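Structure file structure.cif (mmCIF, C-alpha atoms) follows.
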data_input
#
loop_
_atom_site.label_atom_id
_atom_site.label_comp_id
_atom_site.auth_asym_id
_atom_site.auth_seq_id
_atom_site.Cartn_x
_atom_site.Cartn_y
_atom_site.Cartn_z
CA MET C 217 -9.23 -1.09 -1.33
CA ILE C 218 -6.94 1.86 -1.17
CA GLU C 219 -8.42 4.64 -3.21
CA THR C 220 -5.76 6.96 -4.52
CA TYR C 221 -6.30 10.45 -5.83
CA TYR C 222 -4.23 13.31 -7.12
CA ARG C 223 -5.09 16.96 -6.88
CA ILE C 224 -3.43 19.78 -8.77
CA LEU C 225 -3.46 23.35 -7.55
CA LYS C 226 -2.00 26.44 -9.15
CA HIS C 227 -1.33 29.75 -7.44
CA ASP C 228 -0.37 33.08 -8.96
CA PRO C 229 2.65 35.05 -7.69
CA ASP C 230 0.45 36.68 -5.05
CA GLY C 231 -0.56 33.32 -3.68
CA LYS C 232 -4.03 33.52 -5.12
CA LEU C 233 -5.50 30.17 -6.10
CA VAL C 234 -6.05 30.12 -9.85
CA LYS C 235 -6.88 26.43 -10.27
CA ASP C 236 -7.94 23.51 -8.11
CA SER C 237 -8.59 20.27 -9.94
CA GLY C 238 -10.26 18.66 -6.97
CA LEU C 239 -9.60 15.00 -6.24
CA ILE C 240 -9.01 13.02 -9.43
CA PRO C 241 -8.75 9.22 -9.27
CA SER C 242 -5.19 8.06 -9.77
CA ARG C 243 -5.08 4.84 -11.73
CA SER C 244 -1.47 4.24 -11.87
CA TYR C 245 0.37 2.36 -9.22
CA VAL C 246 3.15 0.62 -11.08
CA ILE C 247 4.61 -2.76 -10.29
CA GLN C 248 7.41 -1.49 -8.11
CA PHE C 249 4.95 -0.58 -5.34
CA LEU C 250 3.69 -4.13 -4.86
CA GLU C 251 7.23 -5.46 -5.29
CA LEU C 252 8.24 -3.33 -2.33
CA LEU C 253 5.19 -4.28 -0.25
CA GLY C 254 5.70 -7.97 -0.96
CA ALA C 255 9.34 -7.73 0.03
CA ILE C 256 8.41 -6.12 3.34
CA PHE C 257 5.67 -8.70 4.02
CA ASP C 258 8.17 -11.49 3.37
CA GLY C 259 11.27 -9.96 4.92
CA SER C 260 13.57 -12.76 3.89
CA GLY C 261 16.19 -10.88 1.91
CA ASN C 262 17.11 -7.93 -0.24
CA VAL C 263 14.89 -7.48 -3.28
CA ASN C 264 15.71 -5.77 -6.56
CA ALA C 265 13.28 -4.00 -8.86
CA THR C 266 13.61 -1.85 -11.95
CA ALA C 267 14.91 1.56 -10.93
CA THR C 268 14.25 4.88 -12.63
CA ASP C 269 17.46 4.48 -14.65
CA GLY C 270 16.30 1.13 -16.01
CA THR C 271 18.71 -0.99 -14.01
CA GLU C 272 17.75 -3.63 -11.46
CA ASP C 273 18.58 -2.14 -8.09
CA ILE C 274 17.71 -2.83 -4.48
CA ILE C 275 14.25 -1.62 -3.55
CA TYR C 276 14.18 -3.43 -0.19
CA ASP C 277 17.24 -3.62 2.03
CA THR C 278 17.01 -5.79 5.13
CA THR C 279 19.59 -3.95 7.20
CA PHE C 280 17.72 -0.86 8.37
CA MET C 281 14.08 0.03 7.92
CA TYR C 282 14.74 3.71 7.22
CA LYS C 283 16.49 2.75 3.98
CA ASN C 284 13.28 1.58 2.37
CA GLY C 285 10.43 3.30 0.63
CA THR C 286 10.97 6.92 1.63
CA VAL C 287 9.41 9.68 -0.49
CA ASN C 288 10.26 12.86 1.41
CA PRO C 289 13.21 14.67 -0.21
CA ILE C 290 14.27 18.14 0.70
CA ALA C 291 13.84 21.14 -1.57
CA GLY C 292 15.93 21.05 -4.72
CA ASP C 293 16.07 17.26 -5.02
CA ASP C 294 14.33 16.03 -8.17
CA ASP C 295 15.49 12.42 -7.88
CA TRP C 296 12.60 11.29 -5.71
CA GLY C 297 9.37 12.22 -4.03
CA ILE C 298 6.65 13.71 -6.19
CA VAL C 299 7.98 14.55 -9.63
CA VAL C 300 6.44 16.11 -12.73
CA GLY C 301 7.16 15.87 -16.41
CA THR C 302 6.23 16.88 -19.92
CA ASN C 303 5.60 13.39 -21.31
CA ALA C 304 7.26 14.46 -24.52
CA GLY C 305 7.08 10.93 -25.86
CA THR C 306 3.37 10.69 -24.99
CA THR C 307 3.96 7.46 -23.13
CA ALA C 308 0.76 5.93 -21.78
CA GLU C 309 0.56 4.60 -18.26
CA ASP C 310 1.63 0.99 -18.00
CA ASN C 311 1.95 -1.46 -15.12
CA GLU C 312 5.66 -1.68 -15.83
CA ASN C 313 6.51 2.01 -16.14
CA TYR C 314 9.69 2.66 -14.17
CA ALA C 315 10.24 6.34 -14.92
CA LEU C 316 8.40 9.40 -16.10
CA ASP C 317 8.62 9.77 -19.85
CA THR C 318 10.29 13.19 -19.62
CA LYS C 319 10.89 14.47 -16.13
CA ILE C 320 11.22 18.20 -15.58
CA LEU C 321 14.41 18.79 -13.65
CA HIS C 322 15.05 21.14 -10.75
CA SER C 323 16.60 24.55 -10.99
CA GLY C 324 16.83 27.09 -8.24
CA VAL C 325 17.96 29.85 -10.58
CA GLY C 326 15.30 29.81 -13.26
CA GLU C 327 17.01 27.74 -15.93
CA ALA C 328 14.87 27.19 -19.01
CA ASN C 329 12.44 24.26 -18.96
CA LYS C 330 13.08 23.53 -15.31
CA LEU C 331 11.05 24.00 -12.14
CA ASN C 332 12.10 24.86 -8.63
CA TYR C 333 11.28 21.77 -6.56
CA GLN C 334 10.18 22.42 -3.00
CA ALA C 335 10.35 19.83 -0.21
CA VAL C 336 7.79 17.05 -0.07
CA THR C 337 5.35 17.43 2.80
CA MET C 338 3.02 14.85 4.26
CA ILE C 339 -0.03 14.73 6.45
CA ALA C 340 -0.06 11.53 8.48
CA ALA C 341 -2.81 8.95 8.17
CA ARG C 342 -5.85 10.12 10.08
CA GLU C 343 -9.62 9.77 10.03
CA VAL C 344 -11.32 12.27 7.75
CA GLY C 345 -15.05 11.74 7.90
CA LEU C 346 -15.70 8.17 6.89
CA ASN C 347 -12.21 7.70 5.48
CA VAL C 348 -8.61 7.38 6.53
CA ASP C 349 -6.42 9.68 4.45
CA LEU C 350 -2.66 9.98 3.98
CA ASP C 351 -1.54 13.01 1.95
CA VAL C 352 1.77 13.55 0.16
CA ALA C 353 2.33 16.94 -1.48
CA ARG C 354 4.95 18.97 -3.30
CA THR C 355 5.06 22.44 -4.79
CA PHE C 356 6.96 23.48 -7.92
CA LEU C 357 7.83 27.08 -8.81
CA ASN C 358 8.17 28.29 -12.37
CA GLU C 359 10.97 30.85 -12.37
CA THR C 360 11.98 30.46 -16.02
CA GLY C 361 10.27 33.47 -17.52
CA SER C 362 8.21 31.22 -19.79
CA PRO C 363 5.25 28.88 -19.39
CA ILE C 364 5.90 25.20 -18.71
CA THR C 365 3.25 22.57 -19.43
CA VAL C 366 3.07 19.59 -17.10
CA LYS C 367 1.58 16.44 -18.62
CA GLU C 368 2.63 13.68 -16.22
CA ILE C 369 3.18 13.30 -12.51
CA GLY C 370 4.54 10.54 -10.32
CA LEU C 371 5.91 9.39 -7.01
CA ILE C 372 9.43 7.99 -6.70
CA SER C 373 10.68 6.17 -3.62
CA ARG C 374 14.25 5.98 -2.41
CA CYS C 375 16.18 2.99 -1.11
CA GLU C 376 19.64 3.68 0.25
CA PRO C 377 22.45 3.81 -1.03
CA PRO C 378 20.47 5.48 -2.99
CA ASN C 379 18.35 3.79 -5.61
CA TYR C 380 15.17 5.33 -6.94
CA HIS C 381 12.01 3.48 -7.94
CA LEU C 382 8.83 4.79 -9.49
CA ILE C 383 5.74 3.67 -7.58
CA LEU C 384 3.04 5.91 -9.09
CA ARG C 385 2.72 7.54 -12.50
CA ASP C 386 -0.25 9.44 -13.90
CA VAL C 387 -0.67 11.10 -17.25
CA VAL C 388 -2.64 14.26 -16.50
CA THR C 389 -4.55 16.86 -18.43
CA ASP C 390 -2.15 19.51 -19.70
CA GLU C 391 -1.39 21.96 -16.90
CA GLU C 392 0.23 25.14 -18.13
CA VAL C 393 2.23 26.79 -15.37
CA LEU C 394 2.87 30.41 -16.22
CA ASP C 395 6.03 32.22 -15.24
CA ALA C 396 6.05 32.97 -11.51
CA GLU C 397 3.14 30.64 -10.84
CA THR C 398 3.37 27.61 -8.57
CA LEU C 399 2.01 24.14 -9.19
CA THR C 400 1.20 21.89 -6.25
CA VAL C 401 0.56 18.16 -6.61
CA VAL C 402 -1.15 16.31 -3.77
CA TYR C 403 -1.49 12.53 -3.71
CA THR C 404 -4.10 11.19 -1.29
CA LEU C 405 -4.11 7.53 -0.27
CA ARG C 406 -7.51 6.70 1.21
CA THR C 407 -9.00 3.67 2.89
CA THR C 408 -12.67 3.27 3.66
CA VAL C 409 -14.26 0.24 5.28
CA MET W 294 -22.69 -7.68 -1.24
CA MET W 295 -21.01 -4.42 -2.09
CA LYS W 296 -19.86 -4.17 -5.67
CA ASP W 297 -16.51 -2.57 -6.28
CA LYS W 298 -17.14 0.20 -8.76
CA LYS W 299 -13.72 1.82 -8.64
CA THR W 300 -10.70 0.64 -10.53
CA HIS W 301 -8.19 3.22 -9.38
CA GLY W 302 -5.84 2.82 -6.47
CA ILE W 303 -5.13 -0.54 -4.94
CA GLN W 304 -7.81 -3.19 -5.08
CA LEU W 305 -8.18 -5.82 -2.41
CA LEU W 306 -9.83 -9.12 -3.32
CA LEU W 307 -10.75 -12.02 -1.06
CA ARG W 308 -11.38 -15.65 -2.01
CA CYS W 309 -12.34 -18.48 0.30
CA VAL W 310 -12.16 -22.12 -0.72
CA VAL W 311 -13.41 -25.02 1.44
CA ARG W 312 -12.17 -28.53 0.73
CA ASP W 313 -13.04 -31.92 2.19
CA PRO W 314 -10.33 -34.16 3.68
CA ASP W 315 -9.67 -35.62 0.23
CA GLY W 316 -9.03 -32.19 -1.24
CA LYS W 317 -12.32 -32.00 -3.13
CA VAL W 318 -13.71 -28.48 -3.33
CA ILE W 319 -16.91 -28.05 -1.32
CA SER W 320 -17.30 -24.33 -1.93
CA ASP W 321 -15.38 -21.56 -3.68
CA SER W 322 -16.42 -17.96 -3.20
CA GLY W 323 -14.36 -16.74 -6.14
CA ARG W 324 -12.49 -13.46 -5.86
CA LYS W 325 -14.73 -10.86 -4.27
CA PRO W 326 -13.87 -7.23 -3.60
CA ALA W 327 -12.83 -6.74 -0.01
CA LYS W 328 -13.12 -3.36 1.59
CA SER W 329 -11.19 -3.22 4.64
CA PHE W 330 -7.69 -1.96 4.95
CA VAL W 331 -7.78 -0.44 8.43
CA ILE W 332 -5.91 2.59 9.72
CA GLN W 333 -2.80 0.71 10.80
CA PHE W 334 -1.93 0.02 7.16
CA LEU W 335 -1.69 3.68 6.17
CA GLU W 336 -0.02 4.51 9.48
CA PHE W 337 2.78 2.16 8.47
CA ILE W 338 2.93 3.51 4.92
CA TYR W 339 3.20 7.02 6.31
CA ALA W 340 6.05 5.96 8.58
CA MET W 341 7.84 4.30 5.69
CA PHE W 342 7.35 7.26 3.37
CA ARG W 343 8.79 9.53 6.07
CA GLY W 344 11.65 7.21 7.00
CA THR W 345 12.61 8.84 10.25
CA GLY W 346 11.34 8.36 13.77
CA ASP W 347 9.58 5.43 15.35
CA VAL W 348 5.84 4.99 15.06
CA SER W 349 3.59 3.19 17.51
CA VAL W 350 -0.01 2.38 16.70
CA THR W 351 -2.78 0.31 18.22
CA ALA W 352 -1.79 -3.34 18.36
CA THR W 353 -4.07 -6.37 18.42
CA ASP W 354 -4.00 -6.34 22.22
CA GLY W 355 -5.22 -2.74 22.29
CA THR W 356 -1.93 -1.20 23.44
CA GLU W 357 0.12 1.33 21.47
CA ASP W 358 3.14 -0.56 20.23
CA LEU W 359 5.83 -0.13 17.62
CA ILE W 360 4.88 -0.87 14.04
CA TYR W 361 7.88 0.98 12.53
CA ASP W 362 11.35 1.52 13.98
CA PHE W 363 13.53 3.31 11.49
CA GLN W 364 16.86 2.30 13.08
CA ARG W 365 16.13 -1.42 13.36
CA THR W 366 16.45 -4.17 10.84
CA ALA W 367 13.75 -4.23 8.23
CA THR W 368 13.34 -7.97 8.59
CA THR W 369 11.80 -7.54 12.03
CA GLN W 370 9.00 -5.29 10.82
CA PHE W 371 5.64 -5.62 9.07
CA ARG W 372 6.02 -9.31 8.40
CA VAL W 373 3.03 -11.41 7.45
CA ASP W 374 4.79 -14.66 6.55
CA ALA W 375 3.71 -16.57 9.64
CA PRO W 376 4.83 -20.19 10.01
CA ILE W 377 2.62 -23.19 10.62
CA ASN W 378 0.65 -23.25 13.87
CA ASP W 379 1.18 -19.55 14.55
CA SER W 380 -2.08 -17.61 14.84
CA ASN W 381 -0.48 -14.39 16.04
CA TYR W 382 0.08 -13.01 12.55
CA GLY W 383 -0.37 -13.55 8.87
CA VAL W 384 -3.80 -14.32 7.47
CA VAL W 385 -6.23 -14.92 10.34
CA VAL W 386 -9.90 -15.86 10.58
CA GLY W 387 -12.64 -15.53 13.15
CA THR W 388 -16.30 -15.89 14.01
CA GLY W 389 -17.25 -12.26 14.64
CA ASP W 390 -19.57 -10.37 12.34
CA THR W 391 -19.57 -6.86 13.75
CA ALA W 392 -19.28 -4.43 10.85
CA GLU W 393 -15.83 -3.29 9.88
CA ASP W 394 -14.54 0.04 11.14
CA ASN W 395 -11.59 2.15 10.03
CA THR W 396 -10.07 1.83 13.49
CA ASP W 397 -10.50 -1.91 14.01
CA ASN W 398 -7.33 -3.19 15.63
CA LYS W 399 -8.13 -6.91 15.60
CA LEU W 400 -10.68 -9.46 14.52
CA GLU W 401 -13.76 -9.46 16.70
CA THR W 402 -13.41 -13.14 17.72
CA GLN W 403 -10.29 -14.70 16.31
CA LEU W 404 -9.98 -18.47 15.93
CA THR W 405 -6.66 -19.21 17.56
CA GLU W 406 -4.34 -22.13 16.92
CA GLY W 407 -5.46 -25.54 18.14
CA GLU W 408 -8.11 -28.23 17.95
CA SER W 409 -10.45 -27.22 20.76
CA ALA W 410 -13.53 -25.05 20.66
CA GLY W 411 -12.58 -21.58 19.39
CA ASN W 412 -9.56 -22.96 17.58
CA ILE W 413 -8.53 -23.82 14.06
CA THR W 414 -5.23 -25.21 12.80
CA HIS W 415 -3.09 -22.74 10.87
CA ALA W 416 -0.85 -23.68 7.96
CA SER W 417 2.02 -21.39 7.04
CA VAL W 418 1.34 -18.24 5.06
CA VAL W 419 2.23 -18.47 1.40
CA MET W 420 2.86 -15.47 -0.84
CA VAL W 421 2.91 -15.08 -4.58
CA PHE W 422 5.02 -12.02 -5.21
CA ALA W 423 3.99 -9.10 -7.38
CA THR W 424 3.70 -10.10 -10.99
CA VAL W 425 1.88 -8.92 -14.07
CA VAL W 426 -1.28 -10.98 -14.48
CA GLY W 427 -3.12 -9.93 -17.60
CA ALA W 428 -3.88 -6.25 -17.25
CA ASN W 429 -3.10 -6.22 -13.54
CA VAL W 430 -0.27 -6.56 -11.07
CA ASP W 431 -1.18 -9.00 -8.31
CA LEU W 432 0.37 -9.76 -4.94
CA GLU W 433 -1.20 -12.75 -3.20
CA VAL W 434 -1.13 -13.64 0.47
CA LYS W 435 -2.83 -16.88 1.38
CA ARG W 436 -3.18 -19.42 4.14
CA ALA W 437 -4.96 -22.70 4.73
CA PHE W 438 -6.77 -23.60 7.93
CA THR W 439 -7.91 -27.06 9.00
CA ASN W 440 -10.75 -27.82 11.36
CA GLY W 441 -9.70 -30.47 13.86
CA THR W 442 -12.21 -29.60 16.55
CA GLY W 443 -14.73 -32.35 15.88
CA SER W 444 -17.46 -29.81 15.13
CA THR W 445 -18.33 -27.51 12.25
CA ILE W 446 -16.80 -24.01 12.46
CA THR W 447 -18.61 -21.06 10.92
CA VAL W 448 -16.07 -18.48 9.77
CA LYS W 449 -17.44 -14.95 9.44
CA GLU W 450 -14.39 -12.70 9.35
CA ALA W 451 -10.86 -12.69 7.97
CA GLY W 452 -7.89 -10.37 8.12
CA ILE W 453 -4.16 -9.91 8.05
CA TYR W 454 -1.96 -9.22 11.07
CA THR W 455 1.64 -8.03 10.84
CA ARG W 456 4.48 -8.80 13.23
CA TYR W 457 7.09 -6.46 14.70
CA SER W 458 9.74 -8.49 16.53
CA HIS W 459 12.78 -6.41 17.39
CA THR W 460 11.13 -5.98 20.76
CA GLY W 461 7.80 -7.38 21.79
CA PRO W 462 6.77 -9.04 19.52
CA TYR W 463 3.88 -6.76 18.61
CA TYR W 464 1.09 -7.57 16.22
CA HIS W 465 -1.02 -5.16 14.20
CA CYS W 466 -4.17 -5.67 12.16
CA ILE W 467 -3.93 -4.10 8.71
CA ILE W 468 -6.95 -5.73 7.07
CA ARG W 469 -10.25 -6.93 8.50
CA ASP W 470 -13.20 -8.11 6.47
CA VAL W 471 -16.54 -9.48 7.49
CA LEU W 472 -17.21 -12.16 4.89
CA PRO W 473 -20.06 -11.54 2.45
CA ALA W 474 -21.61 -14.77 3.72
CA PRO W 475 -20.61 -17.05 6.60
CA ILE W 476 -18.54 -20.04 5.55
CA GLU W 477 -19.05 -23.41 7.18
CA VAL W 478 -15.95 -25.53 7.62
CA PRO W 479 -16.97 -29.07 8.60
CA ASP W 480 -14.78 -31.13 10.90
CA LYS W 481 -11.60 -32.38 9.20
CA CYS W 482 -12.14 -30.01 6.28
CA SER W 483 -9.89 -27.12 5.28
CA LEU W 484 -10.43 -23.48 4.43
CA ALA W 485 -8.04 -21.55 2.19
CA VAL W 486 -8.19 -17.76 2.47
CA ILE W 487 -6.54 -15.89 -0.38
CA TYR W 488 -6.04 -12.14 -0.34
CA THR W 489 -5.07 -10.52 -3.62
CA ILE W 490 -3.67 -7.00 -3.57
CA ARG W 491 -4.04 -5.67 -7.10
CA THR W 492 -3.02 -2.60 -9.02
CA THR W 493 -4.17 -1.73 -12.52
CA VAL W 494 -3.18 1.25 -14.59
#

For this file, write the structure as structure tokens.
Amino acid sequence: MIETYYRILKHDPDGKLVKDSGLIPSRSYVIQFLELLGAIFDGSGNVNATATDGTEDIIYDTTFMYKNGTVNPIAGDDDWGIVVGTNAGTTAEDNENYALDTKILHSGVGEANKLNYQAVTMIAAREVGLNVDLDVARTFLNETGSPITVKEIGLISRCEPPNYHLILRDVVTDEEVLDAETLTVVYTLRTTV
Amino acid sequence: MMKDKKTHGIQLLLRCVVRDPDGKVISDSGRKPAKSFVIQFLEFIYAMFRGTGDVSVTATDGTEDLIYDFQRTATTQFRVDAPINDSNYGVVVGTGDTAEDNTDNKLETQLTEGESAGNITHASVVMVFATVVGANVDLEVKRAFTNGTGSTITVKEAGIYTRYSHTGPYYHCIIRDVLPAPIEVPDKCSLAVIYTIRTTV
């Protein structure tokens, strides 16, 4: 199996670690992930799946491999990669989730109720003890002057031209991010024979 | 047999069904938890997540060969839908029973295509695409094998190889499992190997 974990870290404005959740099992691959994997395994044509806007859009494009399944946006881009939200509608995880309930948007100038999205970073698959781990991480800065409470996290992939598809969504314990603090979310995909 | 205690992440299940020449089931293992995605799987996922640059990893012949080429057509990469009589990729089986390792790059002793000793006849790979099945989402990859050797074959390992074909072709092992118990496939009988990749919220 592929064990999947998330880890949430918070740092104060001086960079001091104020919280580390440790590795928490992530339960919530949603259907779009296996739709993408199946399309790649089969390779016979473009495949649509439900995108984050609720429409059926291409998740697998046969023309160029780089178009498919990327999760590494640059700073300031809240359309894809790791995203966080407030789950205002208290939506439970479901196999067919295609979006966060209430995504927190990006702002680089401290707009209310927004976070400053940093670039997604990854650590390539490598042996770690008895496991093989692949890490995907992103940091969010609260520059609003007020606390923001994160209640859901997820991972959104991109397929050019672009379409966005949710592949992971987890409802998490409330994480209050104080003004000037940073929140970092790390997803770890792990295999162990 | 190891019991799968975890329900998070992506589960991998393996079922083996042996049938006589008339199609009657001789044995059915049922779906059992399989353990063994090997490192090449996450190396590909990393390459896809990143989406830039080419990635070479250990192929089934032990050389470092392309598994991901970002500028080439997607249809030439990470395919498992092997046709009939092709034992280079797709679901594969073998007779080795050395314990699985994270860095396995092939089956220990693969049964290749044919009807002589060390062979088995490969049907085409069949997939059932991701769909909600009860509380789960399942993606199935399966293949039938027929023993035409004249002797009983004892299958002890199974796996999945992918194909990269823009150049090469190159083949990479992404799953290898030693079976919980050896499976005897008498002459003229068939073995169906069914991998289920499952997610559950």

For this session: Step by step, work through what the PyMOL selection byres ((chain C) within 8 of (chain W)) selects in the shown file, and finish by giving those residues as an NGL selection string.
Result: :C and (217-221 or 241-247 or 250-251 or 254 or 256-261 or 277-288 or 309-311 or 340-343 or 346-350 or 373 or 405 or 407-409)

For this session: Calculate how many Å separate atom CA of Asp313 of chain W from atom CA of Val478 of chain W, rounding to one decimal.
Result: 8.9 Å

For this session: Can you pull out every residue within 6 Å of Asp395 of chain C, counting only C-alpha atoms, but drop anything in the same chain fewer than 6 positions away, and send it as a VMD selection string?
Result: chain C and resid 358 to 359 361 to 363

For segment 259-274 of chain C, what centre and edge lengths in Å (one decimal) does the axis-aligned box get once 4 Å is added on each side of all its listed atoms, as lines of an AutoDock Vina configuration file?
center_x = 15.0
center_y = -3.9
center_z = -5.5
size_x = 15.4
size_y = 25.6
size_z = 28.9

Problem set entry | From C:Arg385, C:Arg374, C:Lys367, C:His227, residue lying nearest Tyr314 of chain C [all atoms listed in the file] | C:Arg385

For this session: Can you pull out every residue within 7 Å of Asn379 of chain C, counting only C-alpha atoms, but drop anything in the same chain fewer than 4 positions away, and send it as a list of chain:residue names?
Result: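 The residues that qualify are C:Ala267, C:Asp273, C:Ile274, C:Arg374, C:Cys375.
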
Seminar exercise, completed: note - atom CA of Asp293 of chain C and atom CA of Leu357 of chain C are separated by 13.4 Å

Exercise. Quick one: distance from atom CA of Pro462 of chain W to atom CA of Thr353 of chain W in Å, one decimal?
Worked result: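 Atom CA of Thr353 of chain W lies at a distance of 11.2 Å from atom CA of Pro462 of chain W.
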
For this session: Taking the file above as input, evaluate the PyMOL selection byres ((chain W and resi 474) around 10) and report the hits as a list in words.
Result: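 Answer for the PyMOL selection byres ((chain W and resi 474) around 10): Met294, Ser322, Asp390, Val448, Lys449, Glu450, Val471, Leu472, Pro473, Pro475, Ile476 and Glu477 of chain W.
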
Exercise. Got a sec: who's within 9 Å of Gly387 of chain W, counting only C-alpha atoms, leaving out chain neighbours fewer than 3 positions off, as a list of chain:residue names?
Worked result: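 Non-adjacent residues within range: W:Asp390, W:Leu400, W:Glu401, W:Thr402, W:Gln403, W:Leu404, W:Thr405, W:Gly411, W:Thr447, W:Val448, W:Lys449, W:Glu450, W:Ala451, W:Gly452.
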
Write a file of the just-selected residues containing C-alpha atoms, as a PDB file, in the coordinates of the input.
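This is the output file part.pdb:
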ATOM      1  CA  ASP W 390     -19.570 -10.370  12.340  1.00  0.00           C
ATOM      2  CA  LEU W 400     -10.680  -9.460  14.520  1.00  0.00           C
ATOM      3  CA  GLU W 401     -13.760  -9.460  16.700  1.00  0.00           C
ATOM      4  CA  THR W 402     -13.410 -13.140  17.720  1.00  0.00           C
ATOM      5  CA  GLN W 403     -10.290 -14.700  16.310  1.00  0.00           C
ATOM      6  CA  LEU W 404      -9.980 -18.470  15.930  1.00  0.00           C
ATOM      7  CA  THR W 405      -6.660 -19.210  17.560  1.00  0.00           C
ATOM      8  CA  GLY W 411     -12.580 -21.580  19.390  1.00  0.00           C
ATOM      9  CA  THR W 447     -18.610 -21.060  10.920  1.00  0.00           C
ATOM     10  CA  VAL W 448     -16.070 -18.480   9.770  1.00  0.00           C
ATOM     11  CA  LYS W 449     -17.440 -14.950   9.440  1.00  0.00           C
ATOM     12  CA  GLU W 450     -14.390 -12.700   9.350  1.00  0.00           C
ATOM     13  CA  ALA W 451     -10.860 -12.690   7.970  1.00  0.00           C
ATOM     14  CA  GLY W 452      -7.890 -10.370   8.120  1.00  0.00           C
TER      15      GLY W 452
END

Exercise. In terms of the shortest atom-to-atom distance over all atoms listed in the file, which of C:Glu272, C:Asp294, C:Asp230, C:Asp236 is closest to Leu371 of chain C?
Worked result: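 When distances to Leu371 of chain C are compared using all atoms listed in the file, the smallest one comes from C:Asp294.
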
Seminar exercise, completed: With distances taken over all atoms listed in the file, the candidate from C:Val402, C:Ala291, C:Ile224, C:Ala328 nearest Val352 of chain C is C:Val402

Problem set entry | Using all atoms listed in the file: which of W:Ser417, W:Thr356, W:Thr442, W:Asn378 has the shortest distance to Ala485 of chain W |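 Comparing W:Ser417, W:Thr356, W:Thr442, W:Asn378 against Ala485 of chain W, the winner is W:Ser417.
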
Exercise. Which residues, written as a ChimeraX atom specification, have at least one atom at most 8 Å from Phe356 of chain C, with all atoms listed in the file counted and residues fewer than 6 positions away on the same chain left out?
Worked result: /C:331-334,398-400

For this session: Can you give me, as a VMD selection string, the residues this file yields under the PyMOL selection byres ((chain W and resi 483) around 6)?
Result: chain W and resid 311 to 312 438 to 439 482 484

Exercise. When distances are computed from only C-alpha atoms, which of C:Ile383, C:Ile298, C:Leu252, C:Ala396 shows the smallest separation from Leu321 of chain C?
Worked result: C:Ile298
